[in-house]
Amino acid sequence: MKTAVIVFPGSNCDRDIATALEDVTGIAPHMVWHGESELPSGVGLIALPGGFSYGDYLRCGAISARSPVVRAVVEAAERGMPVIGICNGFQILTEAGLLPGALMRNSGLNFVCRNVALTVDNGQSIFTSGYETGETITVPVAHHDGNYFADAETLDRLEGEGRIAFRYAEDVNGSARNIAGLLNPAGNVLGMMPHPERRIEAAHGGTDGRRLFEGLLEAVA
Ligand SMILES: NC(=O)CC[C@H](N)C(=O)O
């Protein structure tokens, strides 16, 4: 499967996700600069990487969400294209309106950079089919604005519709209902703060992240 990684000024996990995708799919992804107005043809997955796009000015992801290419990503997502946003990518997805709620400053006001335990809340999506529902996995986080917020009605709806993909097994950043990863209503867009692309080979201390990409590849194929 061909994939695309969107690169913003200040992205710093674009090579990590590119390596993970090349490793799992066998094909190097298209690296697409944020100023492009069209996506490459024949692509089956779009990834928005982690980082500090536009220096996290205004709000993390707010400026990137207005990039020409994000308009094309939104249109593709609305047509059913699988889109994964990791960390800053998740922030961009909420700022672009593809996912509800917002990522606020961590409740402890510190940058949190460590492995965390996640529970897989919904193992039925294309992004989580490599896991069992209810399973606990280990994936690193690295962010200062990962504190997920949405109003109670939205949170109830997300839970009722099975759209919470991952939760932190403990309080990591103050996120409402410990939400670590969310799906859109159609299930083709995932935003998550933890970094699966940083846990794809034994040298990373484990391969729980790799299973996301392997499951996704199989589900999409
Ligand atoms: N690793 C990242 O993507 C960091 C995301 C974001 N800039 C934050 O620190 O909250």
# chains A, B, ... in the order shown; residues from 1 in each chain; ligands from 1
>>> residues_near_ligand(ligand="ligand 1", cutoff="8 Å", atoms="only C-alpha atoms and all ligand atoms", output="MDAnalysis selection string")
chainID A and resid 11:13 49:53 55:56 60:61 86:89 91 103 105 111 141:146 193 195
>>> select_by_dssp(residues="stretch 70-127 of chain A", states="helix (DSSP H, G or I)", output="number ranges by chain")
A: 70-78, 88-95
>>> write_last_selection(atoms="C-alpha atoms", output="short mmCIF file (atom, residue, chain, number, x, y, z; two decimals), in the first residue's frame")
data_model
loop_
_atom_site.label_atom_id
_atom_site.label_comp_id
_atom_site.auth_asym_id
_atom_site.auth_seq_id
_atom_site.Cartn_x
_atom_site.Cartn_y
_atom_site.Cartn_z
CA VAL A 70 -5.03 19.97 5.15
CA ARG A 71 -7.98 21.12 3.05
CA ALA A 72 -7.20 18.20 0.71
CA VAL A 73 -6.78 15.84 3.68
CA VAL A 74 -10.20 16.86 5.06
CA GLU A 75 -11.83 16.25 1.67
CA ALA A 76 -10.10 12.86 1.32
CA ALA A 77 -11.12 11.88 4.88
CA GLU A 78 -14.72 12.82 4.14
CA ASN A 88 0.80 17.02 16.91
CA GLY A 89 -1.11 15.22 14.14
CA PHE A 90 -3.97 14.57 16.59
CA GLN A 91 -3.89 18.25 17.58
CA ILE A 92 -4.12 19.22 13.89
CA LEU A 93 -7.08 16.85 13.35
CA THR A 94 -9.06 18.47 16.20
CA GLU A 95 -8.13 21.98 14.97
#
>>> select_by_dssp(residues="stretch 44-132 of chain A", states="strand (DSSP E or B)", output="VMD selection string")
chain A and resid 45 to 48 51 83 to 86 102 to 104 112 to 120
>>> residues_around(residues="stretch 22-36 of chain A", least_positions_apart="6", cutoff="8 Å", atoms="only C-alpha atoms", output="PyMOL selection string")
chain A and resi 1-9+64+67-70+210+213-214+217
>>> write_last_selection(atoms="N, CA and C atoms", output="mmCIF file, in the first residue's frame")
data_model
loop_
_atom_site.group_PDB
_atom_site.id
_atom_site.type_symbol
_atom_site.label_atom_id
_atom_site.label_comp_id
_atom_site.auth_asym_id
_atom_site.auth_seq_id
_atom_site.Cartn_x
_atom_site.Cartn_y
_atom_site.Cartn_z
ATOM 1 N N MET A 1 0.841 -1.195 0.000
ATOM 2 C CA MET A 1 0.000 0.000 0.000
ATOM 3 C C MET A 1 0.880 1.251 0.000
ATOM 4 N N LYS A 2 0.503 2.208 -0.876
ATOM 5 C CA LYS A 2 1.219 3.483 -0.882
ATOM 6 C C LYS A 2 0.643 4.382 0.212
ATOM 7 N N THR A 3 1.514 5.144 0.850
ATOM 8 C CA THR A 3 1.079 6.013 1.938
ATOM 9 C C THR A 3 1.667 7.414 1.727
ATOM 10 N N ALA A 4 1.142 8.384 2.459
ATOM 11 C CA ALA A 4 1.676 9.753 2.390
ATOM 12 C C ALA A 4 1.850 10.284 3.805
ATOM 13 N N VAL A 5 2.954 10.978 4.017
ATOM 14 C CA VAL A 5 3.212 11.652 5.296
ATOM 15 C C VAL A 5 3.226 13.150 5.006
ATOM 16 N N ILE A 6 2.396 13.910 5.730
ATOM 17 C CA ILE A 6 2.346 15.359 5.526
ATOM 18 C C ILE A 6 3.420 16.003 6.420
ATOM 19 N N VAL A 7 4.219 16.876 5.821
ATOM 20 C CA VAL A 7 5.306 17.514 6.569
ATOM 21 C C VAL A 7 5.012 19.009 6.720
ATOM 22 N N PHE A 8 4.980 19.463 7.970
ATOM 23 C CA PHE A 8 4.725 20.873 8.289
ATOM 24 C C PHE A 8 6.031 21.510 8.760
ATOM 25 N N PRO A 9 6.137 22.850 8.705
ATOM 26 C CA PRO A 9 7.325 23.479 9.296
ATOM 27 C C PRO A 9 7.313 23.209 10.805
ATOM 28 N N SER A 64 -1.280 24.941 11.430
ATOM 29 C CA SER A 64 -1.149 23.854 10.443
ATOM 30 C C SER A 64 -2.501 23.450 9.871
ATOM 31 N N SER A 67 -3.384 24.890 6.625
ATOM 32 C CA SER A 67 -2.498 24.664 5.475
ATOM 33 C C SER A 67 -3.301 24.218 4.268
ATOM 34 N N PRO A 68 -2.822 24.582 3.060
ATOM 35 C CA PRO A 68 -3.530 24.130 1.849
ATOM 36 C C PRO A 68 -3.721 22.611 1.829
ATOM 37 N N VAL A 69 -2.693 21.860 2.204
ATOM 38 C CA VAL A 69 -2.815 20.402 2.079
ATOM 39 C C VAL A 69 -3.844 19.834 3.044
ATOM 40 N N VAL A 70 -4.058 20.505 4.183
ATOM 41 C CA VAL A 70 -5.033 19.972 5.154
ATOM 42 C C VAL A 70 -6.452 20.052 4.582
ATOM 43 N N ARG A 210 4.072 -1.306 16.398
ATOM 44 C CA ARG A 210 4.116 -1.954 15.086
ATOM 45 C C ARG A 210 2.792 -2.658 14.771
ATOM 46 N N PHE A 213 0.240 -0.618 12.882
ATOM 47 C CA PHE A 213 0.460 -0.460 11.428
ATOM 48 C C PHE A 213 0.212 -1.776 10.700
ATOM 49 N N GLU A 214 0.598 -2.904 11.308
ATOM 50 C CA GLU A 214 0.370 -4.208 10.674
ATOM 51 C C GLU A 214 -1.126 -4.500 10.570
ATOM 52 N N LEU A 217 -2.685 -2.200 7.900
ATOM 53 C CA LEU A 217 -2.350 -2.645 6.537
ATOM 54 C C LEU A 217 -3.252 -3.808 6.131
#
>>> residues_around(residues="A:Leu212", least_positions_apart="6", cutoff="10 Å", atoms="only C-alpha atoms", output="JSON list (two decimals) with C-alpha atoms, in the first residue's frame")
[["chain", "number", "residue", "atom", "x", "y", "z"],
["A", 126, "ILE", "CA", -9.20, -0.52, 11.01],
["A", 127, "PHE", "CA", -6.53, 1.12, 13.21],
["A", 128, "THR", "CA", -6.90, -1.24, 16.18],
["A", 129, "SER", "CA", -7.59, -4.59, 14.52],
["A", 130, "GLY", "CA", -4.07, -5.72, 15.46],
["A", 131, "TYR", "CA", -5.15, -5.64, 19.13],
["A", 196, "PRO", "CA", 3.13, 3.95, 17.97],
["A", 197, "GLU", "CA", 5.85, 4.75, 15.40],
["A", 200, "ILE", "CA", 8.11, -0.81, 16.11]]
>>> atom_distance(atom1="atom CA of A:Gly187", atom2="atom CA of A:Asp156")
17.0 Å
